[in-house]
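One structure is given here, and the rest of the page talks about it.
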Amino acid sequence: MDVTSSGLDEAGVDAALKALASAQRREILRMLTSDAGASAKSCCAPEEVCACKLSEHLDLAASTVSHHMAILREAGLVTSRKSGTWVYYTVRRDRLAAVSEAILGL
């Protein structure tokens with residue numbers, strides 16, 4: 001297991017790059033990192049977005065959003081918390097920075 005200068009191992013970098021290969025997942029990350037979407041986040045705490053808002057914004061079925069979020073979570077790019085029937089997602093900015101650093105170090 002080789003560790004890059006970013007602190008991620010090769011498997012972590014590979015998982016992140018595979019997750020980022022989808023335009024829909026990149027749009028999810030943009031929404032999670034954007035302050036412009038703050039008005040759409042009224043049901044959520046700062047820095048997080050409810051799955052329902054992602055579904056509305058992307059015009060995707062809840063099951064499709066869930067699939068994309070599972071891939072992003074497995075890659076370590078987002079975290080989630082469940083409250084009742086709702087799931088709230090937060091981007092891991094530290095992990096995105098580490099992936100960016102790993103790419104720059106290629």
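Labels for the structure tokens follow display order: chains A, B, ..., residues from 1 in each chain, ligands from 1.
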
Polymer residues at most 9 Å from Trp86 of chain A, only C-alpha atoms, same-chain spacing of 5 or more positions, as an NGL selection string: :A and (50-52 or 81)

Got time to write the residues from that selection, C-alpha atoms, as a PDB file, in the first residue's frame?
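Listed below is the output, selection-v4.pdb:
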```pdb
ATOM      1  CA  CYS A  50     -30.650  16.833   2.622  1.00  0.00           C
ATOM      2  CA  ALA A  51     -31.031  13.982   0.148  1.00  0.00           C
ATOM      3  CA  CYS A  52     -34.415  15.416  -0.859  1.00  0.00           C
ATOM      4  CA  ARG A  81     -26.042  11.575   9.172  1.00  0.00           C
TER       5      ARG A  81
END
```

DSSP strand (DSSP E or B) residues within chain A, listed as a list in words: Val3, Asp9, Val49, Cys50, Val78, Thr79, Ser80, Arg81, Lys82, Ser83, Trp86, Val87, Tyr88, Tyr89, Thr90 and Val91 of chain A

Segment 17-24 of chain A surroundings by only C-alpha atoms, 7 Å radius, close-in-sequence under 4 positions cut, as a list of chain:residue names: A:Val13, A:Ile28, A:Ile71, A:Leu72, A:Ala75

Atom-to-atom span, atom CA of Leu77 of chain A and atom CA of Leu29 of chain A, Å: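 Atom CA of Leu29 of chain A lies at a distance of 8.5 Å from atom CA of Leu77 of chain A.
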
DSSP-assigned helix (DSSP H, G or I) members of chain A, reported as an NGL selection string: :A and (10-20 or 23-33 or 38-41 or 51-58 or 62-74 or 93-104)

Selected residues, C-alpha atoms, written as a PDB file, in the first residue's frame, please.
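Everything below was put into again_18.pdb:
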```
ATOM      1  CA  GLU A  10      -3.336   4.558  -3.892  1.00  0.00           C
ATOM      2  CA  ALA A  11      -6.642   2.748  -3.300  1.00  0.00           C
ATOM      3  CA  GLY A  12      -8.095   5.922  -1.772  1.00  0.00           C
ATOM      4  CA  VAL A  13      -6.975   8.012  -4.728  1.00  0.00           C
ATOM      5  CA  ASP A  14      -8.381   5.442  -7.161  1.00  0.00           C
ATOM      6  CA  ALA A  15     -11.743   5.320  -5.350  1.00  0.00           C
ATOM      7  CA  ALA A  16     -11.980   9.114  -5.320  1.00  0.00           C
ATOM      8  CA  LEU A  17     -11.110   9.430  -9.003  1.00  0.00           C
ATOM      9  CA  LYS A  18     -13.675   6.757  -9.927  1.00  0.00           C
ATOM     10  CA  ALA A  19     -16.298   8.601  -7.876  1.00  0.00           C
ATOM     11  CA  LEU A  20     -15.396  11.879  -9.598  1.00  0.00           C
ATOM     12  CA  ALA A  23     -20.869  14.259 -13.959  1.00  0.00           C
ATOM     13  CA  GLN A  24     -23.812  13.794 -11.597  1.00  0.00           C
ATOM     14  CA  ARG A  25     -21.524  13.091  -8.654  1.00  0.00           C
ATOM     15  CA  ARG A  26     -19.411  16.141  -9.506  1.00  0.00           C
ATOM     16  CA  GLU A  27     -22.607  18.211  -9.539  1.00  0.00           C
ATOM     17  CA  ILE A  28     -23.531  16.801  -6.111  1.00  0.00           C
ATOM     18  CA  LEU A  29     -20.129  17.874  -4.787  1.00  0.00           C
ATOM     19  CA  ARG A  30     -20.584  21.328  -6.346  1.00  0.00           C
ATOM     20  CA  MET A  31     -23.927  21.645  -4.588  1.00  0.00           C
ATOM     21  CA  LEU A  32     -22.459  20.495  -1.280  1.00  0.00           C
ATOM     22  CA  THR A  33     -19.577  22.977  -1.509  1.00  0.00           C
ATOM     23  CA  ALA A  38     -27.766  27.997   0.609  1.00  0.00           C
ATOM     24  CA  SER A  39     -31.348  29.086  -0.005  1.00  0.00           C
ATOM     25  CA  ALA A  40     -32.176  25.572  -1.221  1.00  0.00           C
ATOM     26  CA  LYS A  41     -30.728  24.174   1.998  1.00  0.00           C
ATOM     27  CA  ALA A  51     -31.031  13.982   0.148  1.00  0.00           C
ATOM     28  CA  CYS A  52     -34.415  15.416  -0.859  1.00  0.00           C
ATOM     29  CA  LYS A  53     -32.754  18.683  -1.982  1.00  0.00           C
ATOM     30  CA  LEU A  54     -30.169  16.759  -4.005  1.00  0.00           C
ATOM     31  CA  SER A  55     -32.946  14.789  -5.662  1.00  0.00           C
ATOM     32  CA  GLU A  56     -34.869  17.980  -6.516  1.00  0.00           C
ATOM     33  CA  HIS A  57     -31.794  19.843  -7.773  1.00  0.00           C
ATOM     34  CA  LEU A  58     -30.586  16.993  -9.970  1.00  0.00           C
ATOM     35  CA  ALA A  62     -34.233   9.152  -4.589  1.00  0.00           C
ATOM     36  CA  SER A  63     -32.788   5.699  -5.316  1.00  0.00           C
ATOM     37  CA  THR A  64     -30.402   7.153  -7.914  1.00  0.00           C
ATOM     38  CA  VAL A  65     -29.247   9.869  -5.507  1.00  0.00           C
ATOM     39  CA  SER A  66     -28.751   7.187  -2.848  1.00  0.00           C
ATOM     40  CA  HIS A  67     -26.592   5.175  -5.262  1.00  0.00           C
ATOM     41  CA  HIS A  68     -24.415   8.190  -6.095  1.00  0.00           C
ATOM     42  CA  MET A  69     -24.104   9.151  -2.433  1.00  0.00           C
ATOM     43  CA  ALA A  70     -23.038   5.618  -1.491  1.00  0.00           C
ATOM     44  CA  ILE A  71     -20.188   5.825  -4.007  1.00  0.00           C
ATOM     45  CA  LEU A  72     -19.142   9.256  -2.715  1.00  0.00           C
ATOM     46  CA  ARG A  73     -19.297   8.008   0.891  1.00  0.00           C
ATOM     47  CA  GLU A  74     -17.273   4.869   0.092  1.00  0.00           C
ATOM     48  CA  ARG A  93     -13.191  19.246   2.197  1.00  0.00           C
ATOM     49  CA  ASP A  94     -10.045  17.744   3.704  1.00  0.00           C
ATOM     50  CA  ARG A  95     -10.447  14.661   1.542  1.00  0.00           C
ATOM     51  CA  LEU A  96     -11.118  16.725  -1.604  1.00  0.00           C
ATOM     52  CA  ALA A  97      -7.975  18.723  -0.859  1.00  0.00           C
ATOM     53  CA  ALA A  98      -5.992  15.502  -0.419  1.00  0.00           C
ATOM     54  CA  VAL A  99      -7.283  14.147  -3.746  1.00  0.00           C
ATOM     55  CA  SER A 100      -6.375  17.427  -5.439  1.00  0.00           C
ATOM     56  CA  GLU A 101      -2.913  17.262  -3.909  1.00  0.00           C
ATOM     57  CA  ALA A 102      -2.513  13.666  -5.080  1.00  0.00           C
ATOM     58  CA  ILE A 103      -3.446  14.665  -8.640  1.00  0.00           C
ATOM     59  CA  LEU A 104      -0.973  17.548  -8.610  1.00  0.00           C
TER      60      LEU A 104
END
```

Between atom CA of Asp59 of chain A and atom CA of Val91 of chain A - distance in Å to one decimal: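 Separating atom CA of Val91 of chain A from atom CA of Asp59 of chain A is a distance of 20.2 Å.
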
Atom pair atom CA of Val87 of chain A / atom CA of Gly7 of chain A: separation (Å): 28.8 Å
